[in-house]
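Trainee: Have a peek at structure34.pdb (PDB, N, CA and C atoms).
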MODEL        1
ATOM      1  N   MET A 848    -158.477  81.401 -53.435
ATOM      2  CA  MET A 848    -159.515  81.066 -54.386
ATOM      3  C   MET A 848    -159.658  79.543 -54.507
ATOM      4  N   ALA A 849    -158.532  78.853 -54.542
ATOM      5  CA  ALA A 849    -158.579  77.392 -54.653
ATOM      6  C   ALA A 849    -159.215  76.765 -53.422
ATOM      7  N   ALA A 850    -158.968  77.341 -52.258
ATOM      8  CA  ALA A 850    -159.555  76.808 -51.023
ATOM      9  C   ALA A 850    -161.072  76.961 -51.034
ATOM     10  N   LEU A 851    -161.572  78.083 -51.498
ATOM     11  CA  LEU A 851    -163.020  78.293 -51.575
ATOM     12  C   LEU A 851    -163.669  77.353 -52.584
ATOM     13  N   LEU A 852    -163.033  77.180 -53.729
ATOM     14  CA  LEU A 852    -163.564  76.257 -54.730
ATOM     15  C   LEU A 852    -163.538  74.819 -54.226
ATOM     16  N   ALA A 853    -162.486  74.453 -53.514
ATOM     17  CA  ALA A 853    -162.413  73.100 -52.951
ATOM     18  C   ALA A 853    -163.535  72.889 -51.940
ATOM     19  N   GLY A 854    -163.789  73.882 -51.107
ATOM     20  CA  GLY A 854    -164.861  73.765 -50.128
ATOM     21  C   GLY A 854    -166.225  73.625 -50.770
ATOM     22  N   LEU A 855    -166.491  74.421 -51.789
ATOM     23  CA  LEU A 855    -167.781  74.326 -52.485
ATOM     24  C   LEU A 855    -167.929  72.992 -53.209
ATOM     25  N   ALA A 856    -166.860  72.533 -53.842
ATOM     26  CA  ALA A 856    -166.910  71.244 -54.542
ATOM     27  C   ALA A 856    -167.112  70.097 -53.556
ATOM     28  N   ASN A 857    -166.437  70.143 -52.417
ATOM     29  CA  ASN A 857    -166.610  69.088 -51.417
ATOM     30  C   ASN A 857    -168.016  69.091 -50.839
ATOM     31  N   ALA A 858    -168.582  70.261 -50.607
ATOM     32  CA  ALA A 858    -169.956  70.343 -50.104
ATOM     33  C   ALA A 858    -170.932  69.780 -51.139
ATOM     34  N   ALA A 859    -170.714  70.094 -52.405
ATOM     35  CA  ALA A 859    -171.591  69.569 -53.461
ATOM     36  C   ALA A 859    -171.472  68.055 -53.576
ATOM     37  N   LEU A 860    -170.253  67.527 -53.489
ATOM     38  CA  LEU A 860    -170.072  66.076 -53.564
ATOM     39  C   LEU A 860    -170.691  65.369 -52.362
ATOM     40  N   LEU A 861    -170.579  65.972 -51.190
ATOM     41  CA  LEU A 861    -171.209  65.389 -50.008
ATOM     42  C   LEU A 861    -172.725  65.413 -50.147
ATOM     43  N   TRP A 862    -173.258  66.497 -50.669
ATOM     44  CA  TRP A 862    -174.700  66.608 -50.895
ATOM     45  C   TRP A 862    -175.186  65.500 -51.840
ATOM     46  N   LEU A 863    -174.462  65.305 -52.924
ATOM     47  CA  LEU A 863    -174.846  64.269 -53.890
ATOM     48  C   LEU A 863    -174.721  62.873 -53.290
ATOM     49  N   ALA A 864    -173.650  62.620 -52.550
ATOM     50  CA  ALA A 864    -173.453  61.306 -51.944
ATOM     51  C   ALA A 864    -174.518  61.034 -50.884
ATOM     52  N   ALA A 865    -174.901  62.058 -50.126
ATOM     53  CA  ALA A 865    -175.922  61.885 -49.087
ATOM     54  C   ALA A 865    -177.281  61.553 -49.693
ATOM     55  N   GLY A 866    -177.519  61.977 -50.917
ATOM     56  CA  GLY A 866    -178.770  61.653 -51.588
ATOM     57  C   GLY A 866    -178.859  60.201 -52.008
ATOM     58  N   HIS A 867    -177.720  59.495 -51.990
ATOM     59  CA  HIS A 867    -177.703  58.100 -52.422
ATOM     60  C   HIS A 867    -177.536  57.107 -51.283
ATOM     61  N   THR A 868    -176.926  57.521 -50.189
ATOM     62  CA  THR A 868    -176.697  56.599 -49.081
ATOM     63  C   THR A 868    -176.708  57.345 -47.751
ATOM     64  N   SER A 869    -177.119  56.627 -46.717
ATOM     65  CA  SER A 869    -177.072  57.214 -45.378
ATOM     66  C   SER A 869    -175.934  56.608 -44.561
ATOM     67  N   SER A 870    -175.160  55.722 -45.182
ATOM     68  CA  SER A 870    -174.050  55.085 -44.472
ATOM     69  C   SER A 870    -172.835  56.010 -44.447
ATOM     70  N   GLY A 871    -171.779  55.514 -43.892
ATOM     71  CA  GLY A 871    -170.542  56.282 -43.813
ATOM     72  C   GLY A 871    -169.903  56.547 -45.163
ATOM     73  N   TRP A 872    -170.360  55.864 -46.193
ATOM     74  CA  TRP A 872    -169.806  56.070 -47.533
ATOM     75  C   TRP A 872    -170.099  57.464 -48.074
ATOM     76  N   ARG A 873    -171.036  58.160 -47.485
ATOM     77  CA  ARG A 873    -171.322  59.521 -47.945
ATOM     78  C   ARG A 873    -170.113  60.420 -47.756
ATOM     79  N   TRP A 874    -169.217  60.070 -46.848
ATOM     80  CA  TRP A 874    -168.023  60.867 -46.576
ATOM     81  C   TRP A 874    -166.854  60.477 -47.479
ATOM     82  N   ALA A 875    -167.029  59.494 -48.350
ATOM     83  CA  ALA A 875    -165.944  59.020 -49.211
ATOM     84  C   ALA A 875    -165.355  60.125 -50.099
ATOM     85  N   PRO A 876    -166.150  60.989 -50.734
ATOM     86  CA  PRO A 876    -165.536  62.046 -51.547
ATOM     87  C   PRO A 876    -164.662  62.995 -50.741
ATOM     88  N   LEU A 877    -165.079  63.303 -49.529
ATOM     89  CA  LEU A 877    -164.286  64.188 -48.681
ATOM     90  C   LEU A 877    -163.001  63.501 -48.232
ATOM     91  N   GLY A 878    -163.093  62.221 -47.917
ATOM     92  CA  GLY A 878    -161.900  61.456 -47.557
ATOM     93  C   GLY A 878    -160.929  61.329 -48.712
ATOM     94  N   ALA A 879    -161.463  61.115 -49.912
ATOM     95  CA  ALA A 879    -160.602  61.020 -51.089
ATOM     96  C   ALA A 879    -159.905  62.348 -51.359
ATOM     97  N   TRP A 880    -160.620  63.458 -51.218
ATOM     98  CA  TRP A 880    -159.999  64.773 -51.410
ATOM     99  C   TRP A 880    -158.882  64.987 -50.400
ATOM    100  N   GLY A 881    -159.147  64.648 -49.141
ATOM    101  CA  GLY A 881    -158.134  64.811 -48.100
ATOM    102  C   GLY A 881    -156.903  63.977 -48.368
ATOM    103  N   LEU A 882    -157.102  62.739 -48.814
ATOM    104  CA  LEU A 882    -155.977  61.870 -49.128
ATOM    105  C   LEU A 882    -155.152  62.413 -50.286
ATOM    106  N   VAL A 883    -155.813  62.858 -51.324
ATOM    107  CA  VAL A 883    -155.103  63.413 -52.481
ATOM    108  C   VAL A 883    -154.344  64.677 -52.098
ATOM    109  N   VAL A 884    -154.968  65.559 -51.342
ATOM    110  CA  VAL A 884    -154.304  66.806 -50.944
ATOM    111  C   VAL A 884    -153.097  66.513 -50.063
ATOM    112  N   LEU A 885    -153.252  65.612 -49.112
ATOM    113  CA  LEU A 885    -152.136  65.322 -48.217
ATOM    114  C   LEU A 885    -150.994  64.589 -48.913
ATOM    115  N   VAL A 886    -151.318  63.633 -49.781
ATOM    116  CA  VAL A 886    -150.264  62.885 -50.466
ATOM    117  C   VAL A 886    -149.636  63.727 -51.570
ATOM    118  N   ALA A 887    -150.466  64.273 -52.448
ATOM    119  CA  ALA A 887    -149.924  65.061 -53.566
ATOM    120  C   ALA A 887    -149.344  66.381 -53.089
ATOM    121  N   GLY A 888    -149.865  66.911 -52.019
ATOM    122  CA  GLY A 888    -149.365  68.184 -51.515
ATOM    123  C   GLY A 888    -148.041  68.084 -50.805
ATOM    124  N   ALA A 889    -147.712  66.905 -50.315
ATOM    125  CA  ALA A 889    -146.462  66.736 -49.579
ATOM    126  C   ALA A 889    -145.321  66.243 -50.460
ATOM    127  N   VAL A 890    -145.639  65.726 -51.642
ATOM    128  CA  VAL A 890    -144.606  65.206 -52.541
ATOM    129  C   VAL A 890    -144.043  66.357 -53.370
ATOM    130  N   PRO A 891    -142.741  66.535 -53.353
ATOM    131  CA  PRO A 891    -142.152  67.638 -54.131
ATOM    132  C   PRO A 891    -142.335  67.438 -55.639
ATOM    133  N   GLY A 892    -142.578  68.529 -56.327
ATOM    134  CA  GLY A 892    -142.716  68.497 -57.773
ATOM    135  C   GLY A 892    -141.368  68.534 -58.465
ATOM    136  N   PRO A 893    -141.358  68.686 -59.782
ATOM    137  CA  PRO A 893    -140.102  68.679 -60.532
ATOM    138  C   PRO A 893    -139.148  69.799 -60.110
ATOM    139  N   GLY A 894    -139.670  70.915 -59.694
ATOM    140  CA  GLY A 894    -138.814  72.023 -59.280
ATOM    141  C   GLY A 894    -138.468  71.985 -57.798
ATOM    142  N   GLY A 895    -138.926  70.953 -57.091
ATOM    143  CA  GLY A 895    -138.656  70.832 -55.681
ATOM    144  C   GLY A 895    -139.666  71.547 -54.797
ATOM    145  N   ASN A 896    -140.686  72.142 -55.403
ATOM    146  CA  ASN A 896    -141.693  72.864 -54.610
ATOM    147  C   ASN A 896    -142.798  71.910 -54.171
ATOM    148  N   VAL A 897    -143.481  72.249 -53.082
ATOM    149  CA  VAL A 897    -144.589  71.452 -52.568
ATOM    150  C   VAL A 897    -145.808  72.354 -52.400
ATOM    151  N   VAL A 898    -146.982  71.751 -52.476
ATOM    152  CA  VAL A 898    -148.222  72.515 -52.337
ATOM    153  C   VAL A 898    -148.475  72.846 -50.874
ATOM    154  N   LEU A 899    -148.301  71.867 -50.004
ATOM    155  CA  LEU A 899    -148.524  72.064 -48.576
ATOM    156  C   LEU A 899    -147.185  72.368 -47.914
ATOM    157  N   SER A 900    -146.948  73.608 -47.658
ATOM    158  CA  SER A 900    -145.683  74.030 -47.075
ATOM    159  C   SER A 900    -145.908  74.492 -45.641
ATOM    160  N   THR A 901    -144.989  74.126 -44.777
ATOM    161  CA  THR A 901    -145.071  74.568 -43.382
ATOM    162  C   THR A 901    -144.110  75.716 -43.104
ATOM    163  N   SER A 902    -143.507  76.249 -44.151
ATOM    164  CA  SER A 902    -142.633  77.396 -43.941
ATOM    165  C   SER A 902    -143.489  78.605 -43.530
ATOM    166  N   PRO A 903    -142.918  79.512 -42.760
ATOM    167  CA  PRO A 903    -143.713  80.653 -42.273
ATOM    168  C   PRO A 903    -144.357  81.483 -43.383
ATOM    169  N   ASN A 904    -143.766  81.523 -44.558
ATOM    170  CA  ASN A 904    -144.330  82.318 -45.654
ATOM    171  C   ASN A 904    -145.607  81.711 -46.232
ATOM    172  N   TYR A 905    -145.751  80.395 -46.160
ATOM    173  CA  TYR A 905    -146.878  79.728 -46.801
ATOM    174  C   TYR A 905    -147.777  78.965 -45.838
ATOM    175  N   LEU A 906    -147.554  79.089 -44.548
ATOM    176  CA  LEU A 906    -148.341  78.351 -43.568
ATOM    177  C   LEU A 906    -149.812  78.765 -43.593
ATOM    178  N   VAL A 907    -150.084  80.038 -43.754
ATOM    179  CA  VAL A 907    -151.474  80.517 -43.781
ATOM    180  C   VAL A 907    -152.212  79.940 -44.988
ATOM    181  N   GLN A 908    -151.568  79.917 -46.134
ATOM    182  CA  GLN A 908    -152.213  79.365 -47.333
ATOM    183  C   GLN A 908    -152.487  77.875 -47.171
ATOM    184  N   THR A 909    -151.562  77.160 -46.564
ATOM    185  CA  THR A 909    -151.748  75.732 -46.344
ATOM    186  C   THR A 909    -152.927  75.478 -45.408
ATOM    187  N   LEU A 910    -152.984  76.230 -44.320
ATOM    188  CA  LEU A 910    -154.088  76.063 -43.374
ATOM    189  C   LEU A 910    -155.429  76.449 -43.991
ATOM    190  N   LEU A 911    -155.438  77.505 -44.802
ATOM    191  CA  LEU A 911    -156.686  77.900 -45.467
ATOM    192  C   LEU A 911    -157.182  76.817 -46.412
ATOM    193  N   LEU A 912    -156.269  76.201 -47.153
ATOM    194  CA  LEU A 912    -156.671  75.132 -48.068
ATOM    195  C   LEU A 912    -157.277  73.971 -47.298
ATOM    196  N   LEU A 913    -156.650  73.574 -46.212
ATOM    197  CA  LEU A 913    -157.154  72.436 -45.446
ATOM    198  C   LEU A 913    -158.466  72.757 -44.726
ATOM    199  N   VAL A 914    -158.541  73.910 -44.095
ATOM    200  CA  VAL A 914    -159.744  74.250 -43.316
ATOM    201  C   VAL A 914    -160.914  74.611 -44.226
ATOM    202  N   LEU A 915    -160.696  75.490 -45.190
ATOM    203  CA  LEU A 915    -161.796  75.903 -46.065
ATOM    204  C   LEU A 915    -162.208  74.802 -47.033
ATOM    205  N   GLY A 916    -161.339  73.849 -47.281
ATOM    206  CA  GLY A 916    -161.700  72.722 -48.130
ATOM    207  C   GLY A 916    -162.667  71.765 -47.451
ATOM    208  N   VAL A 917    -162.620  71.714 -46.130
ATOM    209  CA  VAL A 917    -163.440  70.779 -45.378
ATOM    210  C   VAL A 917    -164.632  71.470 -44.700
ATOM    211  N   ALA A 918    -164.473  72.714 -44.302
ATOM    212  CA  ALA A 918    -165.471  73.403 -43.477
ATOM    213  C   ALA A 918    -166.881  73.435 -44.073
ATOM    214  N   PRO A 919    -167.082  73.796 -45.340
ATOM    215  CA  PRO A 919    -168.470  73.841 -45.844
ATOM    216  C   PRO A 919    -169.178  72.494 -45.775
ATOM    217  N   ALA A 920    -168.461  71.403 -46.039
ATOM    218  CA  ALA A 920    -169.073  70.081 -45.974
ATOM    219  C   ALA A 920    -169.435  69.720 -44.534
ATOM    220  N   VAL A 921    -168.575  70.061 -43.591
ATOM    221  CA  VAL A 921    -168.853  69.767 -42.186
ATOM    222  C   VAL A 921    -170.031  70.606 -41.686
ATOM    223  N   VAL A 922    -170.070  71.868 -42.046
ATOM    224  CA  VAL A 922    -171.188  72.733 -41.639
ATOM    225  C   VAL A 922    -172.492  72.222 -42.235
ATOM    226  N   LEU A 923    -172.455  71.815 -43.477
ATOM    227  CA  LEU A 923    -173.639  71.274 -44.138
ATOM    228  C   LEU A 923    -174.146  70.036 -43.407
ATOM    229  N   SER A 924    -173.251  69.201 -42.971
ATOM    230  CA  SER A 924    -173.636  67.987 -42.258
ATOM    231  C   SER A 924    -174.133  68.288 -40.849
ATOM    232  N   ARG A 925    -173.436  69.151 -40.138
ATOM    233  CA  ARG A 925    -173.790  69.457 -38.742
ATOM    234  C   ARG A 925    -175.121  70.200 -38.615
ATOM    235  N   THR A 926    -175.495  70.958 -39.615
ATOM    236  CA  THR A 926    -176.743  71.703 -39.543
ATOM    237  C   THR A 926    -177.942  70.860 -39.993
ATOM    238  N   GLY A 927    -177.688  69.624 -40.419
ATOM    239  CA  GLY A 927    -178.770  68.744 -40.814
ATOM    240  C   GLY A 927    -179.399  69.094 -42.145
ATOM    241  N   ARG A 928    -178.650  69.706 -43.018
ATOM    242  CA  ARG A 928    -179.207  70.127 -44.311
ATOM    243  C   ARG A 928    -178.902  69.157 -45.445
ATOM    244  N   LEU A 929    -178.397  67.980 -45.107
ATOM    245  CA  LEU A 929    -178.140  66.987 -46.143
ATOM    246  C   LEU A 929    -179.450  66.276 -46.506
ATOM    247  N   PRO A 930    -179.617  65.917 -47.769
ATOM    248  CA  PRO A 930    -180.854  65.242 -48.155
ATOM    249  C   PRO A 930    -180.881  63.803 -47.640
ATOM    250  N   ASP A 931    -182.085  63.294 -47.444
ATOM    251  CA  ASP A 931    -182.244  61.889 -47.090
ATOM    252  C   ASP A 931    -182.125  61.047 -48.359
ATOM    253  N   PRO A 932    -181.520  59.869 -48.258
ATOM    254  CA  PRO A 932    -181.426  59.033 -49.449
ATOM    255  C   PRO A 932    -182.805  58.609 -49.938
ATOM    256  N   GLU A 933    -182.920  58.543 -51.232
ATOM    257  CA  GLU A 933    -184.199  58.137 -51.816
ATOM    258  C   GLU A 933    -184.419  56.645 -51.550
ATOM    259  N   ALA A 934    -185.598  56.327 -51.138
ATOM    260  CA  ALA A 934    -185.906  54.928 -50.793
ATOM    261  C   ALA A 934    -186.244  54.106 -52.000
TER
ENDMDL
END
If you convert what's in this file into structure tokens, what do you get?
Mentor:
Amino acid sequence: MAALLAGLANAALLWLAAGHTSSGWRWAPLGAWGLVVLVAGAVPGPGGNVVLSTSPNYLVQTLLLLVLGVAPAVVLSRTGRLPDPEA
């Protein structure tokens, strides 16, 4: 569920950013999400658990979060459905 929500939120943020600029800065929200997920997901919490786990029990969930978090934004961009920035 979190992976689907992350993907929808990233697609919405990319859509909004594309409406304001046509430069590479439109990808800034997606880059920020990736940085936060990778840094915060790899740092152990108070109980020693991590969000991004490579153990066999949690590898599928980790991959789903990373792939589904990015895929809707990439599909939106590749299909040319992003708005043009207002002049």
Trainee: Would you compute the distance between atom C of A:Arg873 and atom CA of A:Leu852? Give it in Å to one decimal.
Mentor: 18.5 Å
Trainee: For atom CA of A:Arg928 and atom CA of A:Leu911, determine how far apart the two atoms are, in Å to one decimal place.
Mentor: 23.9 Å
Trainee: Within 12 Å of A:Ala859, counting only C-alpha atoms, which residues show up once you throw out same-chain ones fewer than 2 positions away? Write them as a list in words, please.
Mentor: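 The neighbour list is Leu852, Ala853, Gly854, Leu855, Ala856, Asn857, Leu861, Trp862, Leu863, Ala864, Ala865, Gly866, Arg873, Trp874, Pro876, Leu877, Gly916, Val917, Pro919, Ala920, Val921, Leu923, Ser924, Arg928, Leu929 and Pro930 of chain A.
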Trainee: Please identify all polymer residues within 10 Å of stretch 885-896 of chain A, counting only C-alpha atoms, omitting same-chain residues fewer than 6 positions from it, and present them as a PDB file with N, CA and C atoms, in the frame of the given file.
Mentor:
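Saved to result.pdb:
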ATOM      1  N   ALA A 879    -161.463  61.115 -49.912  1.00  0.00           N
ATOM      2  CA  ALA A 879    -160.602  61.020 -51.089  1.00  0.00           C
ATOM      3  C   ALA A 879    -159.905  62.348 -51.359  1.00  0.00           C
ATOM      4  N   THR A 909    -151.562  77.160 -46.564  1.00  0.00           N
ATOM      5  CA  THR A 909    -151.748  75.732 -46.344  1.00  0.00           C
ATOM      6  C   THR A 909    -152.927  75.478 -45.408  1.00  0.00           C
ATOM      7  N   LEU A 913    -156.650  73.574 -46.212  1.00  0.00           N
ATOM      8  CA  LEU A 913    -157.154  72.436 -45.446  1.00  0.00           C
ATOM      9  C   LEU A 913    -158.466  72.757 -44.726  1.00  0.00           C
TER      10      LEU A 913
END
Trainee: Let me know the centre plus edge lengths, in Å and rounded to one decimal, of a box with edges along x, y and z that contains all listed atoms of stretch 884-899 of chain A and is padded by 5 Å on every side, as AutoDock Vina command-line options.
Mentor:
--center_x -146.7 --center_y 67.9 --center_z -54.2 --size_x 26.5 --size_y 20.0 --size_z 22.6
Trainee: Just how far from atom C of A:Leu882 is atom CA of A:Leu912, in Å to one decimal?
Mentor: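 We find that atom CA of A:Leu912 and atom C of A:Leu882 lie 13.0 Å from each other.
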Trainee: Please report, as a PyMOL selection string, each residue of stretch 871-923 of chain A to which DSSP assigns alpha helix (DSSP H) when run on this structure's backbone.
Mentor: chain A and resi 875-889+906-923
Trainee: Evaluate the PyMOL selection byres (((chain A and resi 933 and name CA) around 8) and name CA) and record the selected residues as a PyMOL selection string, following the chain and residue labels used in the document.
Mentor: chain A and resi 866-867+931-932+934
Trainee: Determine the nearest neighbour of A:Val914 from the options A:Ala875, A:Ser870, A:Gly927, A:Gly881, counting only C-alpha atoms.
Mentor: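 Closest candidate: A:Gly881.
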